[in-house]
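The next block is my_file_15.pdb, given as PDB, C-alpha atoms and all ligand atoms.
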ATOM      1  CA  MET A   1       3.209 -52.574   6.407  1.00  0.00           C
ATOM      2  CA  PRO A   2       1.345 -49.905   4.531  1.00  0.00           C
ATOM      3  CA  ILE A   3       2.456 -49.054   1.049  1.00  0.00           C
ATOM      4  CA  TYR A   4       1.581 -45.695  -0.386  1.00  0.00           C
ATOM      5  CA  GLU A   5       1.697 -45.090  -4.089  1.00  0.00           C
ATOM      6  CA  TYR A   6       1.887 -41.732  -5.729  1.00  0.00           C
ATOM      7  CA  TYR A   7       1.295 -40.879  -9.328  1.00  0.00           C
ATOM      8  CA  CYS A   8       3.436 -38.234 -10.955  1.00  0.00           C
ATOM      9  CA  ASP A   9       1.571 -35.859 -13.222  1.00  0.00           C
ATOM     10  CA  ARG A  10       4.760 -34.756 -14.956  1.00  0.00           C
ATOM     11  CA  CYS A  11       6.381 -38.005 -15.989  1.00  0.00           C
ATOM     12  CA  LYS A  12       3.371 -40.295 -15.466  1.00  0.00           C
ATOM     13  CA  LYS A  13       5.336 -42.602 -13.219  1.00  0.00           C
ATOM     14  CA  VAL A  14       4.239 -44.235 -10.003  1.00  0.00           C
ATOM     15  CA  SER A  15       6.427 -44.069  -6.928  1.00  0.00           C
ATOM     16  CA  SER A  16       5.855 -46.445  -4.059  1.00  0.00           C
ATOM     17  CA  PHE A  17       6.655 -45.611  -0.481  1.00  0.00           C
ATOM     18  CA  LEU A  18       6.874 -48.288   2.116  1.00  0.00           C
ATOM     19  CA  LEU A  19       6.164 -47.170   5.630  1.00  0.00           C
ATOM     20  CA  LEU A  20       8.130 -49.091   8.201  1.00  0.00           C
ATOM     21  CA  ARG A  21       6.206 -47.557  11.050  1.00  0.00           C
ATOM     22  CA  ALA A  22       2.618 -46.420  11.002  1.00  0.00           C
ATOM     23  CA  THR A  23       3.649 -43.180  12.643  1.00  0.00           C
ATOM     24  CA  GLU A  24       6.309 -42.465  10.077  1.00  0.00           C
ATOM     25  CA  GLU A  25       5.641 -39.464   7.917  1.00  0.00           C
ATOM     26  CA  ILE A  26       6.600 -39.354   4.306  1.00  0.00           C
ATOM     27  CA  GLU A  27       7.032 -36.462   2.021  1.00  0.00           C
ATOM     28  CA  PRO A  28       5.648 -37.755  -1.240  1.00  0.00           C
ATOM     29  CA  CYS A  29       7.630 -36.942  -4.327  1.00  0.00           C
ATOM     30  CA  CYS A  30       8.353 -38.512  -7.678  1.00  0.00           C
ATOM     31  CA  LYS A  31      11.324 -40.828  -7.582  1.00  0.00           C
ATOM     32  CA  SER A  32      11.958 -40.261 -11.270  1.00  0.00           C
ATOM     33  CA  CYS A  33      11.871 -36.510 -11.662  1.00  0.00           C
ATOM     34  CA  ASN A  34      11.823 -35.427  -7.996  1.00  0.00           C
ATOM     35  CA  THR A  35       8.776 -33.246  -8.320  1.00  0.00           C
ATOM     36  CA  LYS A  36       6.380 -32.985  -5.417  1.00  0.00           C
ATOM     37  CA  ASP A  37       3.578 -32.701  -7.922  1.00  0.00           C
ATOM     38  CA  VAL A  38       2.272 -36.151  -7.131  1.00  0.00           C
ATOM     39  CA  ARG A  39      -1.039 -37.519  -6.012  1.00  0.00           C
ATOM     40  CA  ARG A  40      -1.961 -40.481  -3.962  1.00  0.00           C
ATOM     41  CA  ILE A  41      -3.350 -43.463  -5.807  1.00  0.00           C
ATOM     42  CA  LEU A  42      -4.816 -46.698  -4.597  1.00  0.00           C
ATOM     43  CA  SER A  43      -2.315 -49.493  -4.488  1.00  0.00           C
ATOM     44  CA  ARG A  44      -2.982 -52.679  -6.393  1.00  0.00           C
ATOM     45  CA  VAL A  45      -3.626 -54.503  -3.162  1.00  0.00           C
ATOM     46  CA  SER A  46      -6.651 -52.427  -2.308  1.00  0.00           C
ATOM     47  CA  ILE A  47      -7.941 -52.673  -5.874  1.00  0.00           C
ATOM     48  CA  LEU A  48      -7.717 -56.426  -5.635  1.00  0.00           C
ATOM     49  CA  LYS A  49      -9.619 -56.339  -2.387  1.00  0.00           C
ATOM     50  CA  SER A  50     -12.466 -54.364  -3.857  1.00  0.00           C
ATOM     51  CA  GLU A  51     -12.564 -56.892  -6.676  1.00  0.00           C
ATOM     52  CA  GLU A  52     -12.964 -59.637  -4.109  1.00  0.00           C
ATOM     53  CA  SER A  53     -15.789 -57.893  -2.325  1.00  0.00           C
ATOM     54  CA  ARG A  54     -17.517 -57.382  -5.662  1.00  0.00           C
ATOM     55  CA  MET A  55     -17.296 -61.117  -6.145  1.00  0.00           C
ATOM     56  CA  GLU A  56     -18.683 -61.676  -2.672  1.00  0.00           C
ATOM     57  CA  SER A  57     -21.632 -59.436  -3.288  1.00  0.00           C
ATOM     58  CA  LEU A  58     -22.326 -61.374  -6.471  1.00  0.00           C
ATOM     59  CA  LEU A  59     -22.434 -64.542  -4.436  1.00  0.00           C
ATOM     60  CA  ASP A  60     -24.689 -62.976  -1.847  1.00  0.00           C
ATOM     61  CA  PRO A  61     -27.297 -65.559  -0.860  1.00  0.00           C
ATOM     62  CA  SER A  62     -30.125 -63.092  -1.349  1.00  0.00           C
ATOM     63  CA  LYS A  63     -29.110 -62.737  -4.982  1.00  0.00           C
ATOM     64  CA  LEU A  64     -28.977 -66.476  -5.429  1.00  0.00           C
ATOM     65  CA  SER A  65     -32.586 -66.972  -4.432  1.00  0.00           C
ATOM     66  CA  GLY A  66     -34.449 -69.052  -6.946  1.00  0.00           C
ATOM     67  CA  LEU A  67     -31.249 -70.760  -7.971  1.00  0.00           C
ATOM     68  CA  ASP A  68     -31.485 -74.498  -8.292  1.00  0.00           C
ATOM     69  CA  GLU A  69     -28.027 -75.965  -8.478  1.00  0.00           C
ATOM     70  CA  ASN A  70     -29.440 -79.145  -9.957  1.00  0.00           C
ATOM     71  CA  ASP A  71     -30.910 -77.170 -12.803  1.00  0.00           C
ATOM     72  CA  PRO A  72     -28.249 -76.444 -15.441  1.00  0.00           C
ATOM     73  CA  ARG A  73     -30.375 -73.677 -16.964  1.00  0.00           C
ATOM     74  CA  SER A  74     -30.521 -71.872 -13.656  1.00  0.00           C
ATOM     75  CA  MET A  75     -26.766 -72.186 -13.165  1.00  0.00           C
ATOM     76  CA  GLU A  76     -26.178 -70.982 -16.685  1.00  0.00           C
ATOM     77  CA  LYS A  77     -28.247 -67.889 -16.050  1.00  0.00           C
ATOM     78  CA  LEU A  78     -26.218 -67.133 -12.936  1.00  0.00           C
ATOM     79  CA  MET A  79     -22.890 -67.624 -14.693  1.00  0.00           C
ATOM     80  CA  LYS A  80     -23.982 -65.351 -17.513  1.00  0.00           C
ATOM     81  CA  ARG A  81     -25.039 -62.687 -15.079  1.00  0.00           C
ATOM     82  CA  MET A  82     -21.687 -62.943 -13.331  1.00  0.00           C
ATOM     83  CA  GLY A  83     -19.968 -62.784 -16.685  1.00  0.00           C
ATOM     84  CA  ARG A  84     -21.712 -59.530 -17.452  1.00  0.00           C
ATOM     85  CA  GLU A  85     -20.913 -58.076 -14.025  1.00  0.00           C
ATOM     86  CA  MET A  86     -17.267 -58.992 -14.281  1.00  0.00           C
ATOM     87  CA  GLY A  87     -17.172 -57.532 -17.757  1.00  0.00           C
ATOM     88  CA  ASP A  88     -13.734 -57.094 -19.256  1.00  0.00           C
ATOM     89  CA  GLU A  89     -11.960 -59.409 -16.856  1.00  0.00           C
ATOM     90  CA  LEU A  90     -13.544 -62.486 -18.342  1.00  0.00           C
ATOM     91  CA  GLY A  91     -13.282 -61.414 -21.933  1.00  0.00           C
ATOM     92  CA  GLU A  92     -15.781 -61.497 -24.737  1.00  0.00           C
ATOM     93  CA  GLY A  93     -15.667 -65.229 -25.263  1.00  0.00           C
ATOM     94  CA  PHE A  94     -16.925 -66.007 -21.797  1.00  0.00           C
ATOM     95  CA  GLU A  95     -20.599 -66.436 -22.622  1.00  0.00           C
ATOM     96  CA  GLN A  96     -19.721 -68.518 -25.630  1.00  0.00           C
ATOM     97  CA  GLU A  97     -17.532 -70.761 -23.503  1.00  0.00           C
ATOM     98  CA  MET A  98     -20.245 -71.136 -20.914  1.00  0.00           C
ATOM     99  CA  GLU A  99     -22.679 -72.032 -23.645  1.00  0.00           C
ATOM    100  CA  GLU A 100     -20.402 -74.797 -24.835  1.00  0.00           C
ATOM    101  CA  ALA A 101     -19.612 -76.038 -21.346  1.00  0.00           C
ATOM    102  CA  MET A 102     -23.262 -76.215 -20.445  1.00  0.00           C
ATOM    103  CA  SER A 103     -24.517 -77.996 -23.533  1.00  0.00           C
ATOM    104  CA  GLU A 104     -23.323 -81.543 -23.376  1.00  0.00           C
ATOM    105  CA  PRO A 105     -23.232 -83.565 -26.549  1.00  0.00           C
ATOM    106  CA  GLU A 106     -26.225 -85.870 -26.838  1.00  0.00           C
ATOM    107  CA  SER A 107     -23.996 -88.872 -27.316  1.00  0.00           C
ATOM    108  CA  THR A 108     -22.603 -88.558 -23.769  1.00  0.00           C
ATOM    109  CA  PRO A 109     -23.739 -91.619 -21.860  1.00  0.00           C
ATOM    110  CA  GLN A 110     -25.548 -90.737 -18.689  1.00  0.00           C
ATOM    111  CA  GLU A 111     -26.039 -93.160 -15.864  1.00  0.00           C
ATOM    112  CA  ASP A 112     -28.951 -92.829 -13.574  1.00  0.00           C
ATOM    113  CA  LEU A 113     -27.902 -93.248  -9.998  1.00  0.00           C
TER     114      LEU A 113
HETATM  115 ZN    ZN A 201       7.923 -37.628 -12.168  1.00  0.00          ZN
END
What would you get if you wrote out this structure as structure tokens?
Amino acid sequence: MPIYEYYCDRCKKVSSFLLLRATEEIEPCCKSCNTKDVRRILSRVSILKSEESRMESLLDPSKLSGLDENDPRSMEKLMKRMGREMGDELGEGFEQEMEEAMSEPESTPQEDL
């Protein structure tokens, strides 16, 4: 079921319209102040989807060339690049956290298999 969202320029509110049938026609208006001075905005669903495809393009195999998953340095570089691409979503502490996660303390016992 398609959901259309309209942003009201007057009261800055968003009105959602749920279409029960694809053929149904709606007359967009603001549910708060009743003005027809509204404009169509992208619903959160479609924003989320574009976020996903951004993630997919980041994980595109052609971009991962030269990546050695057994090499922590190489993985770290990739994660940092993704951190930069994702920007605000991951927050400023992301690189720092990656740094800490990647550098294991020397005292950690490691068994050779
Ligand atoms: Zn309004």
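Applied to this file, the PyMOL selection byres (((chain A and resi 2-19) around 10) and not hetatm) selects Met1, Leu20, Arg21, Ala22, Thr23, Glu24, Glu25, Ile26, Glu27, Pro28, Cys29, Cys30, Lys31, Ser32, Cys33, Asn34, Thr35, Lys36, Asp37, Val38, Arg39, Arg40, Ile41, Leu42, Ser43, Arg44 and Val45 of chain A.
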Atoms to include: C-alpha atoms. Write the selected residues as a PDB file, keeping the file's coordinate frame.
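The resulting selection_31.pdb:
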ATOM      1  CA  MET A   1       3.209 -52.574   6.407  1.00  0.00           C
ATOM      2  CA  LEU A  20       8.130 -49.091   8.201  1.00  0.00           C
ATOM      3  CA  ARG A  21       6.206 -47.557  11.050  1.00  0.00           C
ATOM      4  CA  ALA A  22       2.618 -46.420  11.002  1.00  0.00           C
ATOM      5  CA  THR A  23       3.649 -43.180  12.643  1.00  0.00           C
ATOM      6  CA  GLU A  24       6.309 -42.465  10.077  1.00  0.00           C
ATOM      7  CA  GLU A  25       5.641 -39.464   7.917  1.00  0.00           C
ATOM      8  CA  ILE A  26       6.600 -39.354   4.306  1.00  0.00           C
ATOM      9  CA  GLU A  27       7.032 -36.462   2.021  1.00  0.00           C
ATOM     10  CA  PRO A  28       5.648 -37.755  -1.240  1.00  0.00           C
ATOM     11  CA  CYS A  29       7.630 -36.942  -4.327  1.00  0.00           C
ATOM     12  CA  CYS A  30       8.353 -38.512  -7.678  1.00  0.00           C
ATOM     13  CA  LYS A  31      11.324 -40.828  -7.582  1.00  0.00           C
ATOM     14  CA  SER A  32      11.958 -40.261 -11.270  1.00  0.00           C
ATOM     15  CA  CYS A  33      11.871 -36.510 -11.662  1.00  0.00           C
ATOM     16  CA  ASN A  34      11.823 -35.427  -7.996  1.00  0.00           C
ATOM     17  CA  THR A  35       8.776 -33.246  -8.320  1.00  0.00           C
ATOM     18  CA  LYS A  36       6.380 -32.985  -5.417  1.00  0.00           C
ATOM     19  CA  ASP A  37       3.578 -32.701  -7.922  1.00  0.00           C
ATOM     20  CA  VAL A  38       2.272 -36.151  -7.131  1.00  0.00           C
ATOM     21  CA  ARG A  39      -1.039 -37.519  -6.012  1.00  0.00           C
ATOM     22  CA  ARG A  40      -1.961 -40.481  -3.962  1.00  0.00           C
ATOM     23  CA  ILE A  41      -3.350 -43.463  -5.807  1.00  0.00           C
ATOM     24  CA  LEU A  42      -4.816 -46.698  -4.597  1.00  0.00           C
ATOM     25  CA  SER A  43      -2.315 -49.493  -4.488  1.00  0.00           C
ATOM     26  CA  ARG A  44      -2.982 -52.679  -6.393  1.00  0.00           C
ATOM     27  CA  VAL A  45      -3.626 -54.503  -3.162  1.00  0.00           C
TER      28      VAL A  45
END
query: Which distance in Å separates atom CA of A:Ser53 and atom CA of A:Arg73, to one decimal?
result: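 Atom CA of A:Arg73 lies 26.0 Å from atom CA of A:Ser53.
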- request: Please measure the separation of atom CA of A:Met98 and atom CA of A:Arg84, giving the value in Å to one decimal.
  value: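 So the two atoms, atom CA of A:Met98 and atom CA of A:Arg84, lie 12.2 Å apart.
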task: Run the PyMOL selection byres (((chain A and resi 76) around 12) and not hetatm) mentally over the shown coordinates, then write out the matched residues as a list in words, using the chain letters and numbers from the document.
output: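 Taken on the displayed file, the PyMOL selection byres (((chain A and resi 76) around 12) and not hetatm) yields the residues Leu67, Asp68, Glu69, Asn70, Asp71, Pro72, Arg73, Ser74, Met75, Lys77, Leu78, Met79, Lys80, Arg81, Met82, Gly83, Phe94, Glu95, Gln96, Glu97, Met98, Glu99, Glu100, Ala101, Met102 and Ser103 of chain A.
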Taking all listed atoms of stretch 35-39 of chain A, build the axis-aligned box, pad each of the six sides by 3 Å, then write its centre and edge lengths in Å to one decimal as lines of an AutoDock Vina configuration file.
center_x = 3.9
center_y = -35.1
center_z = -6.9
size_x = 15.8
size_y = 10.8
size_z = 8.9
